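Student: I am sharing run-v1.cif, which consists of mmCIF, C-alpha atoms, pLDDT in the B column; chains and numbers go by the auth columns:
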```
data_protein
#
loop_
_atom_site.group_PDB
_atom_site.id
_atom_site.type_symbol
_atom_site.label_atom_id
_atom_site.label_comp_id
_atom_site.label_asym_id
_atom_site.label_seq_id
_atom_site.Cartn_x
_atom_site.Cartn_y
_atom_site.Cartn_z
_atom_site.B_iso_or_equiv
_atom_site.auth_seq_id
_atom_site.auth_asym_id
ATOM 1 C CA MET A 1 10.773 150.983 -23.706 82.00 242 A
ATOM 2 C CA ARG A 2 13.235 150.015 -20.953 77.00 243 A
ATOM 3 C CA PRO A 3 16.934 149.130 -20.997 78.00 244 A
ATOM 4 C CA PHE A 4 18.182 145.956 -19.370 79.00 245 A
ATOM 5 C CA PRO A 5 20.254 146.643 -16.258 75.00 246 A
ATOM 6 C CA VAL A 6 23.740 145.238 -15.799 76.00 247 A
ATOM 7 C CA ARG A 7 23.877 143.232 -12.572 74.00 248 A
ATOM 8 C CA HIS A 8 27.340 142.459 -11.258 76.00 249 A
ATOM 9 C CA GLY A 9 28.006 138.802 -10.573 74.00 250 A
ATOM 10 C CA ARG A 10 25.608 137.467 -13.219 69.00 251 A
ATOM 11 C CA ARG A 11 27.084 135.055 -15.744 67.00 252 A
ATOM 12 C CA VAL A 12 25.196 136.580 -18.671 66.00 253 A
ATOM 13 C CA ALA A 13 25.012 140.345 -19.083 76.00 254 A
ATOM 14 C CA PRO A 14 22.685 142.169 -21.485 87.00 255 A
ATOM 15 C CA GLY A 15 23.781 141.887 -25.075 90.00 256 A
ATOM 16 C CA TRP A 16 22.763 141.885 -28.733 93.00 257 A
ATOM 17 C CA TRP A 17 21.720 139.135 -31.132 96.00 258 A
ATOM 18 C CA TRP A 18 22.020 139.593 -34.889 97.00 259 A
ATOM 19 C CA SER A 19 18.679 138.390 -36.221 97.00 260 A
ATOM 20 C CA SER A 20 18.501 136.742 -39.623 96.00 261 A
ATOM 21 C CA THR A 21 14.763 137.525 -39.600 96.00 262 A
ATOM 22 C CA THR A 22 15.134 141.284 -39.283 95.00 263 A
ATOM 23 C CA ARG A 23 18.752 141.627 -40.532 95.00 264 A
ATOM 24 C CA ARG A 24 19.507 143.814 -37.513 95.00 265 A
ATOM 25 C CA LEU A 25 20.529 143.567 -33.858 95.00 266 A
ATOM 26 C CA VAL A 26 17.937 142.715 -31.201 95.00 267 A
ATOM 27 C CA ALA A 27 18.709 143.234 -27.515 91.00 268 A
ATOM 28 C CA TYR A 28 18.426 140.618 -24.777 92.00 269 A
ATOM 29 C CA GLY A 29 18.751 140.912 -21.026 89.00 270 A
ATOM 30 C CA SER A 30 19.636 137.401 -19.869 87.00 271 A
ATOM 31 C CA GLY A 31 20.671 133.958 -21.035 88.00 272 A
ATOM 32 C CA LEU A 32 17.056 132.745 -20.884 90.00 273 A
ATOM 33 C CA MET A 33 15.919 135.626 -23.021 92.00 274 A
ATOM 34 C CA ARG A 34 18.732 135.080 -25.516 93.00 275 A
ATOM 35 C CA THR A 35 17.650 131.450 -25.917 95.00 276 A
ATOM 36 C CA GLN A 36 14.053 132.463 -26.632 96.00 277 A
ATOM 37 C CA LEU A 37 15.285 135.080 -29.082 96.00 278 A
ATOM 38 C CA ILE A 38 17.319 132.459 -30.973 97.00 279 A
ATOM 39 C CA LEU A 39 14.340 130.090 -31.137 97.00 280 A
ATOM 40 C CA LEU A 40 12.039 132.846 -32.409 97.00 281 A
ATOM 41 C CA ASP A 41 14.638 133.870 -34.993 98.00 282 A
ATOM 42 C CA HIS A 42 14.637 130.268 -36.233 97.00 283 A
ATOM 43 C CA ASP A 43 10.826 129.993 -36.349 95.00 284 A
ATOM 44 C CA PRO A 44 9.579 130.304 -39.972 92.00 285 A
ATOM 45 C CA ALA A 45 6.275 131.769 -38.733 94.00 286 A
ATOM 46 C CA VAL A 46 8.108 134.837 -37.353 97.00 287 A
ATOM 47 C CA VAL A 47 8.688 137.745 -39.750 97.00 288 A
ATOM 48 C CA ALA A 48 9.918 140.433 -37.319 96.00 289 A
ATOM 49 C CA LEU A 49 11.397 140.648 -33.823 96.00 290 A
ATOM 50 C CA ALA A 50 11.725 143.463 -31.306 95.00 291 A
ATOM 51 C CA CYS A 51 12.909 143.889 -27.737 93.00 292 A
ATOM 52 C CA ARG A 52 10.547 145.541 -25.259 92.00 293 A
ATOM 53 C CA PRO A 53 8.737 147.601 -27.919 90.00 294 A
ATOM 54 C CA VAL A 54 5.682 148.259 -25.740 91.00 295 A
ATOM 55 C CA GLU A 55 4.918 148.983 -22.100 93.00 296 A
ATOM 56 C CA LEU A 56 1.498 148.675 -20.504 93.00 297 A
ATOM 57 C CA VAL A 57 0.614 151.053 -17.654 94.00 298 A
ATOM 58 C CA TRP A 58 -2.551 150.737 -15.557 93.00 299 A
ATOM 59 C CA ARG A 59 -4.070 151.491 -12.178 92.00 300 A
ATOM 60 C CA GLU A 60 -4.901 148.732 -9.745 88.00 301 A
ATOM 61 C CA GLY A 61 -5.762 149.062 -6.077 85.00 302 A
ATOM 62 C CA GLY A 62 -4.956 152.746 -6.152 88.00 303 A
ATOM 63 C CA LYS A 63 -1.458 152.111 -7.530 90.00 304 A
ATOM 64 C CA HIS A 64 0.150 152.648 -10.910 91.00 305 A
ATOM 65 C CA LEU A 65 1.496 149.365 -12.297 91.00 306 A
ATOM 66 C CA ALA A 66 3.490 148.794 -15.460 93.00 307 A
ATOM 67 C CA HIS A 67 4.988 145.944 -17.423 94.00 308 A
ATOM 68 C CA ALA A 68 7.096 145.791 -20.587 94.00 309 A
ATOM 69 C CA PRO A 69 7.143 142.255 -22.060 95.00 310 A
ATOM 70 C CA GLN A 70 10.666 141.209 -22.976 94.00 311 A
ATOM 71 C CA LEU A 71 10.132 140.285 -26.601 95.00 312 A
ATOM 72 C CA MET A 72 7.632 140.723 -29.385 96.00 313 A
ATOM 73 C CA ALA A 73 7.374 138.701 -32.557 97.00 314 A
ATOM 74 C CA ARG A 74 5.317 139.676 -35.575 97.00 315 A
ATOM 75 C CA LEU A 75 3.891 136.577 -37.252 97.00 316 A
ATOM 76 C CA LYS A 76 3.172 135.803 -40.900 95.00 317 A
ATOM 77 C CA ASP A 77 -0.576 136.064 -40.324 95.00 318 A
ATOM 78 C CA GLY A 78 -0.145 139.685 -39.187 94.00 319 A
ATOM 79 C CA THR A 79 -0.716 139.032 -35.482 96.00 320 A
ATOM 80 C CA GLY A 80 1.752 139.737 -32.707 96.00 321 A
ATOM 81 C CA LEU A 81 3.172 137.600 -29.916 97.00 322 A
ATOM 82 C CA LEU A 82 4.464 139.038 -26.628 97.00 323 A
ATOM 83 C CA VAL A 83 6.896 136.857 -24.674 96.00 324 A
ATOM 84 C CA ASP A 84 8.359 136.860 -21.178 95.00 325 A
ATOM 85 C CA SER A 85 11.044 134.261 -20.486 93.00 326 A
ATOM 86 C CA VAL A 86 11.012 132.504 -17.114 93.00 327 A
ATOM 87 C CA GLY A 87 13.375 130.099 -15.370 89.00 328 A
ATOM 88 C CA GLN A 88 12.928 126.547 -14.109 88.00 329 A
ATOM 89 C CA GLY A 89 10.981 127.786 -11.098 89.00 330 A
ATOM 90 C CA GLY A 90 8.350 129.453 -13.276 90.00 331 A
ATOM 91 C CA PRO A 91 7.168 133.060 -13.117 91.00 332 A
ATOM 92 C CA SER A 92 7.259 135.068 -9.913 92.00 333 A
ATOM 93 C CA ALA A 93 4.030 136.027 -8.167 91.00 334 A
ATOM 94 C CA ARG A 94 4.647 139.623 -9.271 90.00 335 A
ATOM 95 C CA LEU A 95 4.967 138.608 -12.909 93.00 336 A
ATOM 96 C CA VAL A 96 1.873 136.376 -12.737 93.00 337 A
ATOM 97 C CA GLN A 97 -0.135 139.329 -11.424 91.00 338 A
ATOM 98 C CA ARG A 98 0.997 141.572 -14.260 92.00 339 A
ATOM 99 C CA ALA A 99 0.677 138.836 -16.854 94.00 340 A
ATOM 100 C CA ARG A 100 -3.093 138.671 -16.374 94.00 341 A
ATOM 101 C CA VAL A 101 -3.409 142.277 -17.513 94.00 342 A
ATOM 102 C CA VAL A 102 -0.884 141.894 -20.332 95.00 343 A
ATOM 103 C CA ALA A 103 -2.624 138.750 -21.649 96.00 344 A
ATOM 104 C CA ALA A 104 -6.008 140.506 -21.650 96.00 345 A
ATOM 105 C CA ALA A 105 -4.584 143.537 -23.450 95.00 346 A
ATOM 106 C CA ALA A 106 -2.852 141.311 -26.003 95.00 347 A
ATOM 107 C CA GLN A 107 -6.070 139.389 -26.642 95.00 348 A
ATOM 108 C CA ALA A 108 -7.974 142.643 -27.162 96.00 349 A
ATOM 109 C CA ALA A 109 -5.399 143.627 -29.788 94.00 350 A
ATOM 110 C CA GLY A 110 -5.632 140.247 -31.513 95.00 351 A
ATOM 111 C CA TRP A 111 -2.185 139.241 -30.274 96.00 352 A
ATOM 112 C CA GLY A 112 -0.907 136.432 -28.085 96.00 353 A
ATOM 113 C CA TYR A 113 1.078 136.457 -24.866 97.00 354 A
ATOM 114 C CA ARG A 114 2.984 133.635 -23.223 95.00 355 A
ATOM 115 C CA PHE A 115 5.569 132.666 -20.666 95.00 356 A
ATOM 116 C CA ALA A 116 8.523 130.893 -22.257 94.00 357 A
ATOM 117 C CA GLY A 117 10.299 128.508 -19.913 91.00 358 A
ATOM 118 C CA PRO A 118 13.607 126.723 -20.508 91.00 359 A
ATOM 119 C CA PRO A 119 13.168 124.588 -23.663 94.00 360 A
ATOM 120 C CA ASP A 120 14.519 121.120 -24.413 95.00 361 A
ATOM 121 C CA PRO A 121 18.321 121.404 -24.084 96.00 362 A
ATOM 122 C CA VAL A 122 18.834 119.149 -27.126 98.00 363 A
ATOM 123 C CA VAL A 123 16.695 121.446 -29.271 97.00 364 A
ATOM 124 C CA VAL A 124 18.564 124.475 -27.935 97.00 365 A
ATOM 125 C CA ALA A 125 21.971 122.922 -28.668 97.00 366 A
ATOM 126 C CA ASN A 126 20.936 122.027 -32.221 98.00 367 A
ATOM 127 C CA VAL A 127 19.412 125.415 -33.000 98.00 368 A
ATOM 128 C CA ARG A 128 22.432 127.239 -31.581 97.00 369 A
ATOM 129 C CA TRP A 129 24.691 125.210 -33.840 97.00 370 A
ATOM 130 C CA LEU A 130 22.587 126.001 -36.908 97.00 371 A
ATOM 131 C CA ALA A 131 22.441 129.662 -35.857 97.00 372 A
ATOM 132 C CA GLY A 132 26.158 129.860 -36.530 97.00 373 A
ATOM 133 C CA TYR A 133 25.231 129.553 -40.210 95.00 374 A
ATOM 134 C CA ARG A 134 22.250 131.934 -40.201 96.00 375 A
ATOM 135 C CA HIS A 135 23.952 134.740 -42.141 94.00 376 A
ATOM 136 C CA PRO A 136 22.947 134.992 -45.832 90.00 377 A
ATOM 137 C CA ARG A 137 26.588 134.586 -46.884 89.00 378 A
ATOM 138 C CA TYR A 138 26.143 130.840 -46.256 88.00 379 A
ATOM 139 C CA ALA A 139 23.160 130.539 -48.569 82.00 380 A
ATOM 140 C CA ALA A 140 25.297 129.558 -51.574 69.00 381 A
ATOM 141 C CA ARG A 141 22.553 130.409 -54.054 59.00 382 A
ATOM 142 C CA ALA A 142 24.412 128.600 -56.822 53.00 383 A
ATOM 143 C CA ARG A 143 23.850 125.375 -54.858 67.00 384 A
ATOM 144 C CA SER A 144 20.244 126.030 -53.756 70.00 385 A
ATOM 145 C CA ALA A 145 18.628 123.990 -56.504 76.00 386 A
ATOM 146 C CA ALA A 146 21.153 121.193 -56.080 84.00 387 A
ATOM 147 C CA VAL A 147 20.595 121.075 -52.317 86.00 388 A
ATOM 148 C CA ALA A 148 16.833 120.794 -52.783 84.00 389 A
ATOM 149 C CA GLU A 149 17.257 118.118 -55.454 88.00 390 A
ATOM 150 C CA VAL A 150 19.676 115.933 -53.496 92.00 391 A
ATOM 151 C CA PHE A 151 17.263 115.884 -50.547 93.00 392 A
ATOM 152 C CA ALA A 152 14.242 115.169 -52.748 90.00 393 A
ATOM 153 C CA ARG A 153 13.877 112.026 -50.662 92.00 394 A
ATOM 154 C CA PRO A 154 14.739 111.886 -46.946 95.00 395 A
ATOM 155 C CA ARG A 155 18.257 110.565 -46.478 95.00 396 A
ATOM 156 C CA PRO A 156 21.304 110.705 -44.173 97.00 397 A
ATOM 157 C CA VAL A 157 22.790 114.151 -44.520 96.00 398 A
ATOM 158 C CA VAL A 158 26.393 112.993 -44.967 96.00 399 A
ATOM 159 C CA GLU A 159 25.486 110.944 -48.061 95.00 400 A
ATOM 160 C CA ALA A 160 23.910 113.946 -49.746 94.00 401 A
ATOM 161 C CA VAL A 161 26.795 116.253 -48.816 94.00 402 A
ATOM 162 C CA ARG A 162 29.283 113.884 -50.477 93.00 403 A
ATOM 163 C CA GLU A 163 27.225 113.923 -53.666 92.00 404 A
ATOM 164 C CA LEU A 164 27.123 117.721 -53.743 90.00 405 A
ATOM 165 C CA GLY A 165 30.890 118.156 -53.804 88.00 406 A
ATOM 166 C CA ASP A 166 33.613 119.392 -51.495 89.00 407 A
ATOM 167 C CA PRO A 167 32.250 118.923 -47.934 91.00 408 A
ATOM 168 C CA ILE A 168 34.138 121.997 -46.691 90.00 409 A
ATOM 169 C CA ALA A 169 32.099 124.110 -49.101 87.00 410 A
ATOM 170 C CA VAL A 170 28.840 122.143 -48.928 90.00 411 A
ATOM 171 C CA TRP A 171 28.274 121.726 -45.168 93.00 412 A
ATOM 172 C CA PRO A 172 27.770 125.470 -44.495 92.00 413 A
ATOM 173 C CA ALA A 173 25.159 125.664 -47.281 90.00 414 A
ATOM 174 C CA VAL A 174 23.323 122.655 -45.843 93.00 415 A
ATOM 175 C CA PHE A 175 23.404 124.061 -42.312 94.00 416 A
ATOM 176 C CA HIS A 176 22.048 127.378 -43.615 93.00 417 A
ATOM 177 C CA ALA A 177 19.242 125.544 -45.410 93.00 418 A
ATOM 178 C CA LEU A 178 18.389 123.757 -42.145 95.00 419 A
ATOM 179 C CA TRP A 179 18.382 127.053 -40.257 96.00 420 A
ATOM 180 C CA SER A 180 16.258 128.873 -42.827 92.00 421 A
ATOM 181 C CA GLY A 181 13.695 126.078 -43.142 91.00 422 A
ATOM 182 C CA VAL A 182 14.518 124.977 -46.687 90.00 423 A
ATOM 183 C CA LEU A 183 15.510 121.611 -45.228 93.00 424 A
ATOM 184 C CA ARG A 184 14.114 119.799 -42.196 95.00 425 A
ATOM 185 C CA VAL A 185 15.647 117.537 -39.585 96.00 426 A
ATOM 186 C CA ARG A 186 14.509 116.368 -36.166 96.00 427 A
ATOM 187 C CA LEU A 187 15.815 118.868 -33.651 97.00 428 A
ATOM 188 C CA ASP A 188 14.814 116.910 -30.551 96.00 429 A
ATOM 189 C CA GLU A 189 17.585 114.427 -31.288 96.00 430 A
ATOM 190 C CA PRO A 190 21.316 115.276 -31.367 96.00 431 A
ATOM 191 C CA LEU A 191 22.480 116.320 -34.820 96.00 432 A
ATOM 192 C CA HIS A 192 25.047 113.995 -36.387 95.00 433 A
ATOM 193 C CA GLU A 193 26.260 113.069 -39.845 94.00 434 A
ATOM 194 C CA ARG A 194 23.705 110.254 -40.232 95.00 435 A
ATOM 195 C CA ALA A 195 20.722 112.426 -39.253 96.00 436 A
ATOM 196 C CA VAL A 196 17.926 112.090 -41.817 97.00 437 A
ATOM 197 C CA VAL A 197 17.240 115.333 -43.662 96.00 438 A
ATOM 198 C CA SER A 198 14.455 116.158 -46.110 95.00 439 A
ATOM 199 C CA VAL A 199 13.125 119.099 -48.093 93.00 440 A
ATOM 200 C CA ALA A 200 10.727 121.051 -45.885 87.00 441 A
ATOM 201 C CA ARG A 201 7.957 121.290 -48.450 67.00 442 A
ATOM 202 C CA GLN A 202 7.662 117.501 -48.527 46.00 443 A
ATOM 203 C CA GLU A 203 6.512 117.509 -44.920 43.00 444 A
ATOM 204 C CA ALA A 204 4.051 120.285 -45.678 39.00 445 A
ATOM 205 C CA ASP A 205 2.657 118.411 -48.683 44.00 446 A
ATOM 206 C CA ALA A 206 2.350 115.193 -46.684 40.00 447 A
ATOM 207 C CA ALA A 207 0.392 116.994 -43.962 37.00 448 A
#
```
As C-alpha cells, what does this structure read like?

Tutor:
Amino acid sequence: MRPFPVRHGRRVAPGWWWSSTTRRLVAYGSGLMRTQLILLDHDPAVVALACRPVELVWREGGKHLAHAPQLMARLKDGTGLLVDSVGQGGPSARLVQRARVVAAAAQAAGWGYRFAGPPDPVVVANVRWLAGYRHPRYAARARSAAVAEVFARPRPVVEAVRELGDPIAVWPAVFHALWSGVLRVRLDEPLHERAVVSVARQEADAA
C-alpha cells in the first residue's frame, strides 16, 4: 500500500528478503522490520507473508487518519496477524493512537495485531545463521530420512553429523532441517557443535 522511503544517513535502507515461506521477495523498511520478517519466515505457524498489504483509513476528531501495518502473516489456522516493529523505546504516541484502531479492526476480522520489539539477540543471531540455509537447495532430500533417523534421540549435533558422512555435505542439510522445523534445538542459547538436537515431532508428541 505504501513504499518505504529512503532516508539518507540511516544504516539500513529499505530492501528485500527472499522468503522460504512464500518462495518470493518480501520488502522491509528498516533493520528492525527485517529482523521480524526473518523470525516470521522461520515460524512454522506462518504460511504466507506480505509487506504492507492493507491500509486502514478512518475519521477521528474531524481528521482523516490512516495506518498501514508493516507486515502481515497468514497463519496455518487461516487467521491473519498484522505486525508493526518498534525499537527499544517502544512505540511512539502517534503509533499507539493508531494501533488502537488497527487492533480493533483486526479483531473484528478475526485477525491479530501486535507490536514487535527487539527480540533476544541470541535468538536473532541463531535464526540469522540458519536463514543462510533456508533455500530448498540445502534440503538434500536423499538424506532426509537419514537425518530424521540419526536424531531419533536427542544428541549433540556434531556426533550425528559425523555418522551421516562427509561433514562438508551434511552440515548444510542439518542446518536446513533446523531452519525448516524438521529438527529442533534451543535457540535462546548460542549454537555450537555440542548443541543438543532432536526431531521436532518428538517434542510435539511429548507435549

Student: Let me make sure I understand: among A:Leu306, A:Val247, A:Val288, A:Ile279, which one has the smallest atom-to-atom distance to Val368 of chain A if we use all atoms listed in the file?

Tutor: A:Ile279

Student: With all atoms listed in the file as the counted atoms, please give the residues lying no more than 12 Å from Trp259 of chain A, apart from itself and same-chain residues fewer than 2 positions off, as a PyMOL selection string.

Tutor: chain A and resi 256-257+261-269+275+278-279+282-283+290-291+372-377

Student: Only C-alpha atoms, please: the residues just picked out, written as a PDB file, in the coordinates of the input.

Tutor:
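again.pdb written:
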```pdb
ATOM      1  CA  GLY A 256      23.781 141.887 -25.075  1.00 90.00           C
ATOM      2  CA  TRP A 257      22.763 141.885 -28.733  1.00 93.00           C
ATOM      3  CA  SER A 261      18.501 136.742 -39.623  1.00 96.00           C
ATOM      4  CA  THR A 262      14.763 137.525 -39.600  1.00 96.00           C
ATOM      5  CA  THR A 263      15.134 141.284 -39.283  1.00 95.00           C
ATOM      6  CA  ARG A 264      18.752 141.627 -40.532  1.00 95.00           C
ATOM      7  CA  ARG A 265      19.507 143.814 -37.513  1.00 95.00           C
ATOM      8  CA  LEU A 266      20.529 143.567 -33.858  1.00 95.00           C
ATOM      9  CA  VAL A 267      17.937 142.715 -31.201  1.00 95.00           C
ATOM     10  CA  ALA A 268      18.709 143.234 -27.515  1.00 91.00           C
ATOM     11  CA  TYR A 269      18.426 140.618 -24.777  1.00 92.00           C
ATOM     12  CA  ARG A 275      18.732 135.080 -25.516  1.00 93.00           C
ATOM     13  CA  LEU A 278      15.285 135.080 -29.082  1.00 96.00           C
ATOM     14  CA  ILE A 279      17.319 132.459 -30.973  1.00 97.00           C
ATOM     15  CA  ASP A 282      14.638 133.870 -34.993  1.00 98.00           C
ATOM     16  CA  HIS A 283      14.637 130.268 -36.233  1.00 97.00           C
ATOM     17  CA  LEU A 290      11.397 140.648 -33.823  1.00 96.00           C
ATOM     18  CA  ALA A 291      11.725 143.463 -31.306  1.00 95.00           C
ATOM     19  CA  ALA A 372      22.441 129.662 -35.857  1.00 97.00           C
ATOM     20  CA  GLY A 373      26.158 129.860 -36.530  1.00 97.00           C
ATOM     21  CA  TYR A 374      25.231 129.553 -40.210  1.00 95.00           C
ATOM     22  CA  ARG A 375      22.250 131.934 -40.201  1.00 96.00           C
ATOM     23  CA  HIS A 376      23.952 134.740 -42.141  1.00 94.00           C
ATOM     24  CA  PRO A 377      22.947 134.992 -45.832  1.00 90.00           C
TER      25      PRO A 377
END
```

Student: Check the smallest atom-to-atom distance from each of A:Pro310, A:Gly302, A:Pro285, A:Pro431 to Asn367 of chain A using all atoms listed in the file, then report the winner.

Tutor: A:Pro431

Student: Would you give the centre and edge lengths, in Å to one decimal, of a box along x, y and z around the listed atoms of segment 259-270 of chain A, with 5 Å added to each side, as AutoDock Vina command-line options?

Tutor:
```
--center_x 18.4 --center_y 140.3 --center_z -30.8 --size_x 17.3 --size_y 17.1 --size_z 29.5
```

Student: Could you check which of A:Trp299, A:Tyr379, A:Trp370, A:Trp412 is closest to Val343 of chain A, using all atoms listed in the file?

Tutor: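 Looking at the shortest contact to Val343 of chain A, the residue is A:Trp299.
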
Student: Of the residues A:Phe392, A:Glu400, A:Ala414, A:Ala286, which is the one nearest to Ala441 of chain A, using all atoms listed in the file?

Tutor: A:Phe392

Student: For a cutoff of 9 Å around the file-coordinate point (18.2, 131.6, -22.2), which residues qualify once you count all atoms listed in the file? I'd like the result as a list in words.

Tutor: Ser271, Gly272, Leu273, Met274, Arg275, Thr276, Gln277, Leu278, Ile279, Ser326, Val327, Gly328, Gly358, Pro359 and Pro360 of chain A

Student: Which one is closest to Ala344 of chain A: A:Val391, A:Ala410, A:Val364, A:Leu297? Count only C-alpha atoms.

Tutor: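 Smallest distance to Ala344 of chain A is found for A:Leu297.
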
Student: Calculated over all atoms listed in the file, which of the candidates A:Ala387, A:Pro397, A:Gln311, A:Val295 has the smallest distance to Phe356 of chain A?

Tutor: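 Among the listed residues, the smallest separation from Phe356 of chain A belongs to A:Gln311.
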
Student: Go ahead and compute the interatomic distance for atom CA of Phe416 of chain A and atom CA of Gly319 of chain A, in Å to one decimal.

Tutor: 28.4 Å

Student: Just want the 10 Å neighbourhood of Gly353 of chain A, counted on only C-alpha atoms, with same-chain residues fewer than 4 positions away dropped. Output as number ranges by chain.

Tutor: A: 313-314, 320-324, 343-349

Student: Just how far from atom CA of Gly303 of chain A is atom CA of Arg355 of chain A, in Å to one decimal?

Tutor: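 Calculated distance between atom CA of Arg355 of chain A and atom CA of Gly303 of chain A is 26.8 Å.
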
Student: To verify the selection step, state as a PDB file with C-alpha atoms, keeping the file's coordinate frame which residues the PyMOL selection byres ((chain A and resi 440) around 7) yields on this input.

Tutor:
```pdb
ATOM      1  CA  ALA A 389      16.833 120.794 -52.783  1.00 84.00           C
ATOM      2  CA  PHE A 392      17.263 115.884 -50.547  1.00 93.00           C
ATOM      3  CA  ALA A 393      14.242 115.169 -52.748  1.00 90.00           C
ATOM      4  CA  VAL A 423      14.518 124.977 -46.687  1.00 90.00           C
ATOM      5  CA  LEU A 424      15.510 121.611 -45.228  1.00 93.00           C
ATOM      6  CA  ARG A 425      14.114 119.799 -42.196  1.00 95.00           C
ATOM      7  CA  SER A 439      14.455 116.158 -46.110  1.00 95.00           C
ATOM      8  CA  ALA A 441      10.727 121.051 -45.885  1.00 87.00           C
ATOM      9  CA  ARG A 442       7.957 121.290 -48.450  1.00 67.00           C
ATOM     10  CA  GLN A 443       7.662 117.501 -48.527  1.00 46.00           C
TER      11      GLN A 443
END
```

Student: What gap, in Å, lies between atom CA of Gln329 of chain A and atom CA of Val365 of chain A?

Tutor: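 A separation of 15.1 Å between them.
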